[in-house]
file query-v2.txt (compact mmCIF, C-alpha atoms)
# COMPACT_ATOMS: atom_id res chain seq x y z
CA MET C 3 -60.04 -0.34 -16.07
CA GLY C 4 -59.98 0.71 -12.40
CA THR C 5 -57.12 2.30 -10.51
CA ASP C 6 -56.52 -0.85 -8.46
CA GLN C 7 -56.26 -2.96 -11.61
CA LEU C 8 -53.79 -0.51 -13.14
CA LYS C 9 -51.69 -0.52 -9.97
CA ALA C 10 -51.68 -4.32 -9.91
CA LYS C 11 -50.57 -4.44 -13.55
CA ALA C 12 -47.88 -1.84 -12.86
CA ARG C 13 -46.57 -3.92 -9.93
CA ARG C 14 -46.44 -7.04 -12.13
CA LEU C 15 -44.57 -5.11 -14.84
CA ILE C 16 -42.08 -3.77 -12.31
CA ALA C 17 -41.51 -7.26 -10.93
CA ALA C 18 -40.99 -8.61 -14.45
CA ALA C 19 -38.58 -5.79 -15.29
CA ASN C 20 -36.56 -6.46 -12.16
CA GLU C 21 -36.45 -10.16 -12.97
CA LEU C 22 -35.20 -9.37 -16.49
CA LEU C 23 -32.58 -7.03 -15.04
CA ALA C 24 -31.37 -9.74 -12.67
CA ILE C 25 -31.14 -12.19 -15.59
CA ALA C 26 -29.26 -9.62 -17.67
CA HIS C 27 -26.79 -9.05 -14.85
CA GLU C 28 -26.31 -12.81 -14.45
CA LEU C 29 -25.73 -13.20 -18.20
CA GLU C 30 -23.30 -10.29 -18.13
CA LEU C 31 -21.45 -11.91 -15.23
CA ASN C 32 -21.19 -15.19 -17.15
CA ASN C 33 -20.04 -13.33 -20.26
CA GLU C 34 -17.40 -11.32 -18.34
CA ASP C 35 -15.98 -14.49 -16.84
CA GLY C 36 -16.02 -16.25 -20.19
CA ALA C 37 -17.82 -19.17 -18.60
CA GLU C 38 -21.30 -20.50 -18.98
CA GLU C 39 -21.34 -22.27 -15.63
CA ASP C 40 -23.63 -21.22 -12.82
CA HIS C 41 -22.08 -18.99 -10.21
CA PRO C 42 -22.91 -20.14 -6.67
CA SER C 43 -23.23 -16.56 -5.45
CA ALA C 44 -25.68 -15.72 -8.26
CA ARG C 45 -27.86 -18.72 -7.41
CA ASN C 46 -28.15 -17.80 -3.72
CA ILE C 47 -29.24 -14.20 -4.26
CA LYS C 48 -32.85 -13.26 -3.63
CA ASP C 49 -33.49 -10.26 -5.88
CA SER C 50 -36.66 -8.31 -5.29
CA PRO C 51 -38.26 -5.11 -6.57
CA VAL C 52 -38.60 -4.13 -2.89
CA TRP C 53 -34.82 -3.60 -2.64
CA ALA C 54 -35.10 -0.34 -4.60
CA GLU C 55 -37.41 1.09 -1.94
CA VAL C 56 -35.24 -0.25 0.87
CA ALA C 57 -32.15 1.31 -0.74
CA ARG C 58 -34.01 4.61 -1.23
CA ALA C 59 -35.10 4.59 2.44
CA THR C 60 -31.55 3.79 3.53
CA TYR C 61 -30.23 6.71 1.51
CA ARG C 62 -32.89 9.07 2.94
CA ASP C 63 -32.10 7.92 6.49
CA ARG C 64 -28.42 8.68 5.93
CA ARG C 65 -29.23 12.23 4.80
CA LYS C 66 -31.61 12.69 7.75
CA ARG C 67 -28.86 11.88 10.27
CA GLY C 68 -26.68 14.64 8.83
CA GLU C 69 -29.57 17.11 8.96
CA ILE C 70 -30.48 16.31 12.55
CA PHE C 71 -26.90 16.46 13.82
CA ASN C 72 -26.18 19.55 11.67
CA ASP C 73 -23.06 17.93 10.27
CA PRO C 74 -23.39 15.72 7.18
CA ALA C 75 -19.64 15.02 7.24
CA LEU C 76 -20.04 13.37 10.65
CA PHE C 77 -21.70 10.38 8.98
CA GLY C 78 -19.83 10.50 5.68
CA GLU C 79 -19.49 7.26 3.82
CA PRO C 80 -19.33 8.28 0.15
CA ALA C 81 -18.63 4.80 -1.24
CA TRP C 82 -21.83 3.45 0.32
CA ASP C 83 -23.84 6.46 -0.83
CA ILE C 84 -22.57 5.96 -4.39
CA LEU C 85 -23.39 2.25 -4.31
CA LEU C 86 -26.88 2.97 -2.99
CA ASP C 87 -27.45 5.60 -5.67
CA LEU C 88 -26.26 3.29 -8.44
CA PHE C 89 -28.31 0.39 -7.10
CA ILE C 90 -31.46 2.51 -7.09
CA ALA C 91 -30.67 3.63 -10.65
CA ALA C 92 -30.18 0.01 -11.74
CA LYS C 93 -33.48 -1.05 -10.20
CA GLU C 94 -35.20 1.87 -11.95
CA ARG C 95 -33.41 1.07 -15.23
CA LYS C 96 -31.91 4.58 -15.32
CA ARG C 97 -28.48 5.66 -16.50
CA LEU C 98 -26.57 7.81 -14.05
CA PRO C 99 -24.00 10.36 -15.25
CA VAL C 100 -20.80 10.64 -13.22
CA THR C 101 -21.80 14.16 -12.15
CA SER C 102 -25.06 12.83 -10.65
CA ALA C 103 -23.19 10.06 -8.83
CA CYS C 104 -20.88 12.72 -7.37
CA ILE C 105 -23.86 14.76 -6.17
CA GLY C 106 -25.45 11.65 -4.68
CA ALA C 107 -22.32 10.97 -2.65
CA ALA C 108 -22.99 14.19 -0.68
CA VAL C 109 -19.29 15.07 -0.58
CA PRO C 110 -17.13 17.45 -2.64
CA ALA C 111 -16.85 16.38 -6.28
CA THR C 112 -13.12 15.63 -5.99
CA THR C 113 -13.78 13.26 -3.09
CA ALA C 114 -16.62 11.56 -4.95
CA LEU C 115 -14.45 11.15 -8.05
CA ARG C 116 -11.73 9.52 -5.95
CA TRP C 117 -14.29 7.10 -4.53
CA LEU C 118 -15.63 6.32 -8.00
CA THR C 119 -12.08 5.38 -8.99
CA VAL C 120 -11.71 3.16 -5.91
CA LEU C 121 -15.03 1.43 -6.63
CA GLU C 122 -14.05 0.98 -10.27
CA ASP C 123 -10.65 -0.47 -9.29
CA LYS C 124 -12.44 -2.94 -7.03
CA GLY C 125 -14.69 -4.01 -9.92
CA LEU C 126 -17.90 -2.77 -8.31
CA ILE C 127 -18.75 -0.10 -10.88
CA VAL C 128 -18.24 0.47 -14.60
CA ARG C 129 -17.88 3.75 -16.46
CA GLU C 130 -19.42 4.04 -19.94
CA ASN C 131 -19.04 6.83 -22.47
CA ASP C 132 -22.21 8.48 -23.72
CA ASN C 133 -22.46 7.80 -27.46
CA ALA C 134 -24.71 10.83 -27.95
CA ASP C 135 -22.55 13.31 -26.03
CA ALA C 136 -18.78 12.80 -25.84
CA ARG C 137 -18.57 15.11 -22.84
CA ARG C 138 -20.69 12.85 -20.64
CA VAL C 139 -19.75 9.59 -18.94
CA PHE C 140 -22.22 7.26 -17.26
CA VAL C 141 -21.49 5.06 -14.29
CA ARG C 142 -23.30 1.89 -13.25
CA LEU C 143 -22.87 -1.06 -10.97
CA SER C 144 -20.90 -3.93 -12.45
CA SER C 145 -22.50 -7.36 -12.30
CA GLU C 146 -20.44 -8.07 -9.20
CA GLY C 147 -21.47 -4.77 -7.61
CA TYR C 148 -25.15 -5.39 -8.35
CA GLU C 149 -24.91 -8.94 -7.03
CA LYS C 150 -23.28 -7.76 -3.80
CA MET C 151 -25.93 -5.08 -3.25
CA VAL C 152 -28.72 -7.63 -3.73
CA THR C 153 -26.93 -10.02 -1.39
CA TYR C 154 -26.61 -7.25 1.21
CA PHE C 155 -30.31 -6.34 1.12
CA SER C 156 -31.35 -10.01 1.01
CA ASP C 157 -29.20 -10.78 4.06
CA VAL C 158 -30.48 -7.72 5.95
CA ALA C 159 -34.08 -8.72 5.21
CA ALA C 160 -33.39 -12.30 6.37
CA ASP C 161 -31.87 -10.96 9.59
CA MET C 162 -34.87 -8.71 10.12
CA ARG C 163 -37.32 -11.57 9.55
CA SER C 164 -35.47 -13.77 12.03
CA ASP C 165 -35.52 -11.02 14.67
CA GLU C 166 -38.55 -11.61 16.90
CA GLN C 167 -38.99 -7.90 17.59
CA ILE C 168 -39.39 -6.84 13.96
CA ASP C 169 -42.45 -8.04 12.11
CA LEU C 170 -41.46 -7.86 8.44
CA PRO C 171 -43.95 -9.44 6.03
CA ALA C 172 -42.20 -12.28 4.24
CA LYS C 173 -44.43 -12.08 1.17
CA ARG C 174 -43.22 -8.53 0.31
CA ILE C 175 -39.53 -9.33 0.71
CA ALA C 176 -39.21 -12.73 -0.94
call {"tool": "encode", "arguments": {"input": "query-v2.txt", "output": "structure tokens"}}
result
Amino acid sequence: MGTDQLKAKARRLIAAANELLAIAHELELNNEDGAEEDHPSARNIKDSPVWAEVARATYRDRRKRGEIFNDPALFGEPAWDILLDLFIAAKERKRLPVTSACIGAAVPATTALRWLTVLEDKGLIVRENDNADARRVFVRLSSEGYEKMVTYFSDVAADMRSDEQIDLPAKRIA
């Protein structure tokens, strides 16, 4: 099998995995609410495997600003950095320990921990104990947090497609 065929199969598998993840999040949302009804916000979301790359690029761009201006604190927004990091982890089906989320926030650990608590209080993230190691705690986006991140990237992509000056291929985003 050629390299192009393997890449095509890998892309199809990634798309299928992202679709399953979106379904799992929707089922989790229904289960958390105790209702089986469709949620209007869940129906309007356009999830895409592309969002992981867009989130990764957004995170890299944020770090680049700090480097260029020689002051990362100048552009500090730890809650957004944490949400981006957790969204990327969700799209890659990875579990993220709290310590990694703190590092990803690019602020002191105490500040990142405060922001994790704020995000948890707002229902955007969930902490989970590690069954294999009692010292470790994982953090992930809640169904609501995941849904809002997908909505954000979907809306941004729609805005970009409607902007005449930016030629964004619709087939990659949809």
call {"tool": "residues_around", "arguments": {"input": "query-v2.txt", "residues": "Gly106 in chain C", "least_positions_apart": "6", "cutoff": "10 Å", "atoms": "all atoms listed in the file", "output": "list in words"}}
result
Tyr61, Pro80, Asp83, Ile84, Leu85, Leu86, Asp87, Leu88, Val100 and Ala114 of chain C
call {"tool": "residues_around", "arguments": {"input": "query-v2.txt", "residues": "Trp82 in chain C", "least_positions_apart": "3", "cutoff": "12 Å", "atoms": "all atoms listed in the file", "output": "number ranges by chain"}}
result
C: 57, 60-61, 64, 77-79, 85-89, 103, 106-109, 114, 117-118, 120-121, 126, 147, 151, 154
call {"tool": "atom_distance", "arguments": {"input": "query-v2.txt", "atom1": "CA of Glu146 in chain C", "atom2": "CA of Asp63 in chain C"}}
result
25.3 Å
call {"tool": "atom_distance", "arguments": {"input": "query-v2.txt", "atom1": "CA of Pro74 in chain C", "atom2": "CA of Thr112 in chain C"}}
result
16.7 Å
call {"tool": "closest_residue", "arguments": {"input": "query-v2.txt", "among": "C:Asp73, C:Thr119, C:Met3, C:Lys93", "to": "Ser50 in chain C", "atoms": "all atoms listed in the file"}}
result
C:Lys93
call {"tool": "atom_distance", "arguments": {"input": "query-v2.txt", "atom1": "CA of Val152 in chain C", "atom2": "CA of Lys66 in chain C"}}
result
23.5 Å
